[in-house]
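Enquirer: Right, I'll just put the structure down here and ask away after.
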There are 2 protein chains.
Amino acid sequence: VKPVSAAEVITAPPAIDGTHLWGSLEAAAEIGPWRAPGVQRLALSDADRQMRDAFCGWCENAGLALRVDRVGNIFARRPGAVDETADPVMVGSHLDTQVAGGRYDGVLGVLAGLEVVRWLDKHELSTCRPVEVVSWSNEEGARFRPSMLGSAVFAGALDQEVALGQTDEDGLRFADELDRIGYAGSAEVPGRPPHAYFELHIEQSDSLDRNGLDLGIVTSAYAARGMTVRLRGRTAHAGATPMRRREDPLVGAAELISALDVIGRSGGEETRATATRLQAWPNRTGITAGEAVLTLDYRHATPDGLTRMTGELERALDEICARRGLSFAREEEWEFGQDISFNPALAAAARRHAARLDVATTDMPSSAGHDAYWLATIAPTLILFVPCVDGITHNEHEAIDPERVLPGVNVLAASVLEAAGQ
Amino acid sequence: VKPVSAAEVITAPPAIDGTHLWGSLEAAAEIGPWRAPGVQRLALSDADRQMRDAFCGWCENAGLALRVDRVGNIFARRPGAVDETADPVMVGSHLDTQVAGGRYDGVLGVLAGLEVVRWLDKHELSTCRPVEVVSWSNEEGARFRPSMLGSAVFAGALDQEVALGQTDEDGLRFADELDRIGYAGSAEVPGRPPHAYFELHIEQSDSLDRNGLDLGIVTSAYAARGMTVRLRGRTAHAGATPMRRREDPLVGAAELISALDVIGRSGGEETRATATRLQAWPNRTGITAGEAVLTLDYRHATPDGLTRMTGELERALDEICARRGLSFAREEEWEFGQDISFNPALAAAARRHAARLDVATTDMPSSAGHDAYWLATIAPTLILFVPCVDGITHNEHEAIDPERVLPGVNVLAASVLEAAGQ
């Protein structure tokens, strides 16, 4: 199967009107209700199972063939018209959410993929290549680390045994929980690279919304690093022990959080830094902390900028611990987004479809990680961003304006159709 | 029964040699072993039950009559020689520990009281008044708040129903746990004020140790305040959300911890301030905090100084929250140590006995809270501090030099004997 050029997309079918998609999104938002209008569907929870079951049901109704791999990634396949052994075009995202989850992060991309297939069916458009709608396991990393786990295993960047052995805060294993919810599949990982991968996602910041643009063509990724730092001091009496005798790692962690915030603000829109998790011990009244374990995350629009941030963070860590008599250990370091490149030809095609459909677009970087990051390491990949209201995300008030999302869904549909070959 | 003056303590019996006391302390240190040489005996835990059982057994071996009140305070009584209805002289402390507990905090005072009774028996010294060795429930507050719970209920400062209804972090009720360990007694609370109350305790700072002194006569208490502050912001994406859109209460809490540390260091030896407990939510990777709940504690050698610290803290809290777009609520405020006065006559008597026994003493304040604070509100009360090595406490490495503790135990014995009347 050879690629099909834009010129070969002969008939432009009527656009998707969104009715079915919004209905599916509403139904999905009923699953895992939490702090209305939010949802909470932690990976491999009962709510995740219900959401997967609903998605699989919708896929079967659309006549798609389901396949589940060893880490629970779900592939819903529409056959190709020419060669069933051809690598498929994949389109998808994730169905899990954060603890404080909104109605659109992830699920919009999966259901938009399903809508593309429904649209192909409605207009009786066959494609040369198969099209697969994908739901990746545990994108958020809110329950099992790392984030983007399913796509990382699929892309061969994370060993399946490591992934299956991850435990949540209650000590429950990924493998056991996957089995419990009935999504421990048999398809081999790493998976066979697709012909192309598309992911539509809410922007999760406010630049599209603020600038009245309906579509972001993601052309680069922020470089991101994270780590867990364990600070160790000495427990003491909160009242009796003079301040000069304190070796309090909670105070050290507090200073590190403040330093990180300054580092995160140093580059304006180009930088981010967050202390996401802090656990002090013993964390009781009457006693000073003996340990504080801080998980942090920082990002820069460029790899060089990230290197500078790393230096600033390391200097702050050294200085704080030396001054406060603390020791530290860096644990669980990770990074992503360095040297990610999205496919220029797919981006150019998306721009052409946007122009034809009169959709205002902009090229933009992604500062959030997405499953597409891992897919980009094995296949031509494109992320499309659609606006979310006021940029609010990972929050129950996450919202979209359907009229401003539909243009992106139609560009996605045209892009998938072109990549799969008409 | 009229008080007996020092001059009436006619025969000075041989001093306590400590052998039995050190043996009891060693045996106690075997109960609730944790991070050797430390112990962990959280209030109403199995370890607390074992420690109480051992203490009660030792008291019975010493011929003492046991009484337990409704909140689990234990009283071991040696009868008086003159009038069995006379108010007793009480001597004691507590048997529970912090999570990171040492071998001497609390238990030394209880077992020193028992040793005083053994000494009276050994030398066949009868006292006019009864002498009661006391163990107060839940002094540390590490499992059930507030700290000094048992003595507060005994003194009528805390309602017994409130105390019995307190819950630990697992939601277990004080009343149920007290019943479970078999120490829900029938003696009424509030209790009848004793004739006098004595408490011997390790200093928990380093001034006695550093200055080569063996005994501190506690003449005043630091004024202490504490509160739990709930900071509220807005969850957001740790990568996607620009720093200018953050309302992160964990960063706010970090700034408050740093401000508190500065306030705590502002008055040298006269001030303390500690962030003891911090719980952020959702506390997961990939998402910024939506709430942070900070428990803090600050103390000053004078009530006026405490008022100044309160003002500084309130200004910091207002400023941080205003600047970071956070709201806050102050919850669970408490204070103690204001206007506590210890009994000058008991202090003078202790100084006389120290002089007679050639023990170097100093008057000093207490910056830690003790059960004696509550007893001081209902009866003449004295706290005696003995040195602990390098001031280390609330830590597994808490240690004493027996040779430097024994002088204080002998001053305690002579003081109890005098107060109880020979």
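How things are named: the first chain in the structure tokens is A, the next is B, and so on; residues count from 1 in each chain; ligands count from 1 in the order shown.
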Need the shell around B:Gly311: protein/DNA/RNA residues with any atom at most 12 Å away, counting only C-alpha atoms. Skip same-chain ones fewer than 5 positions apart. Format as a ChimeraX atom specification?
Expert: /B:260,263,298,304-306,316-318
Enquirer: Using only C-alpha atoms, which chain A residues lie at most 6 Å away from chain B, written as a ChimeraX atom specification?
Expert: /A:142,204-205,235-241,254,274,276-277,283-285,288,367-368,393-395
Enquirer: What are the DSSP alpha helix (DSSP H) residues of stretch 23-80 of chain B, as a list in words?
Expert: Gly23, Ser24, Leu25, Glu26, Ala27, Ala28, Ala29, Asp46, Ala47, Asp48, Arg49, Gln50, Met51, Arg52, Asp53, Ala54, Phe55, Cys56, Gly57, Trp58, Cys59, Glu60 and Asn61 of chain B
Enquirer: Write out as a list of chain:residue names the residues lying within 7 Å of stretch 188-196 of chain A, counting only C-alpha atoms and excluding same-chain residues fewer than 5 positions away.
Expert: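 Within the cut-off, the hits are A:Asp69, A:Arg70, A:Asp87, A:Pro88, A:Val89, A:Met90, A:Val153, A:Phe154, A:Ala155, A:Gly156, A:Ile378, A:Ala379, A:Pro380, A:Thr381.
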Enquirer: Write out as a CSV table (one decimal) with C-alpha atoms, in the first residue's frame all residues of stretch 50-107 of chain A that DSSP puts in strand (DSSP E or B) for this structure's backbone.
Expert:
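Saved file result04.csv follows:
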chain,number,residue,atom,x,y,z
A,65,ALA,CA,-13.2,-5.9,15.7
A,66,LEU,CA,-11.7,-5.6,19.2
A,67,ARG,CA,-8.2,-6.6,20.2
A,68,VAL,CA,-6.7,-6.1,23.7
A,69,ASP,CA,-2.9,-6.3,24.4
A,74,ILE,CA,-7.7,-1.6,23.3
A,75,PHE,CA,-7.7,-1.6,19.5
A,76,ALA,CA,-11.0,-1.4,17.6
A,77,ARG,CA,-10.4,-2.2,14.0
A,78,ARG,CA,-12.2,-1.2,10.8
A,89,VAL,CA,-3.8,4.1,10.7
A,90,MET,CA,-4.4,4.5,14.4
A,91,VAL,CA,-6.4,7.2,16.0
A,92,GLY,CA,-7.1,7.5,19.8
A,93,SER,CA,-6.1,8.6,23.2
A,94,HIS,CA,-7.0,7.4,26.7
A,101,GLY,CA,-10.7,14.6,36.4
Enquirer: Given only C-alpha atoms as the basis, pick out the residue of A:Gly72, A:Gly216, A:Gly38, A:Pro402 nearest to A:Leu382.
Expert: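 Comparing A:Gly72, A:Gly216, A:Gly38, A:Pro402 against A:Leu382, the winner is A:Gly216.
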Enquirer: Can you pull out every residue within 12 Å of B:Gly63, counting only C-alpha atoms, but drop anything in the same chain fewer than 5 positions away, and send it as a ChimeraX atom specification?
Expert: /B:56-58,76-79,114,117-118,121,132
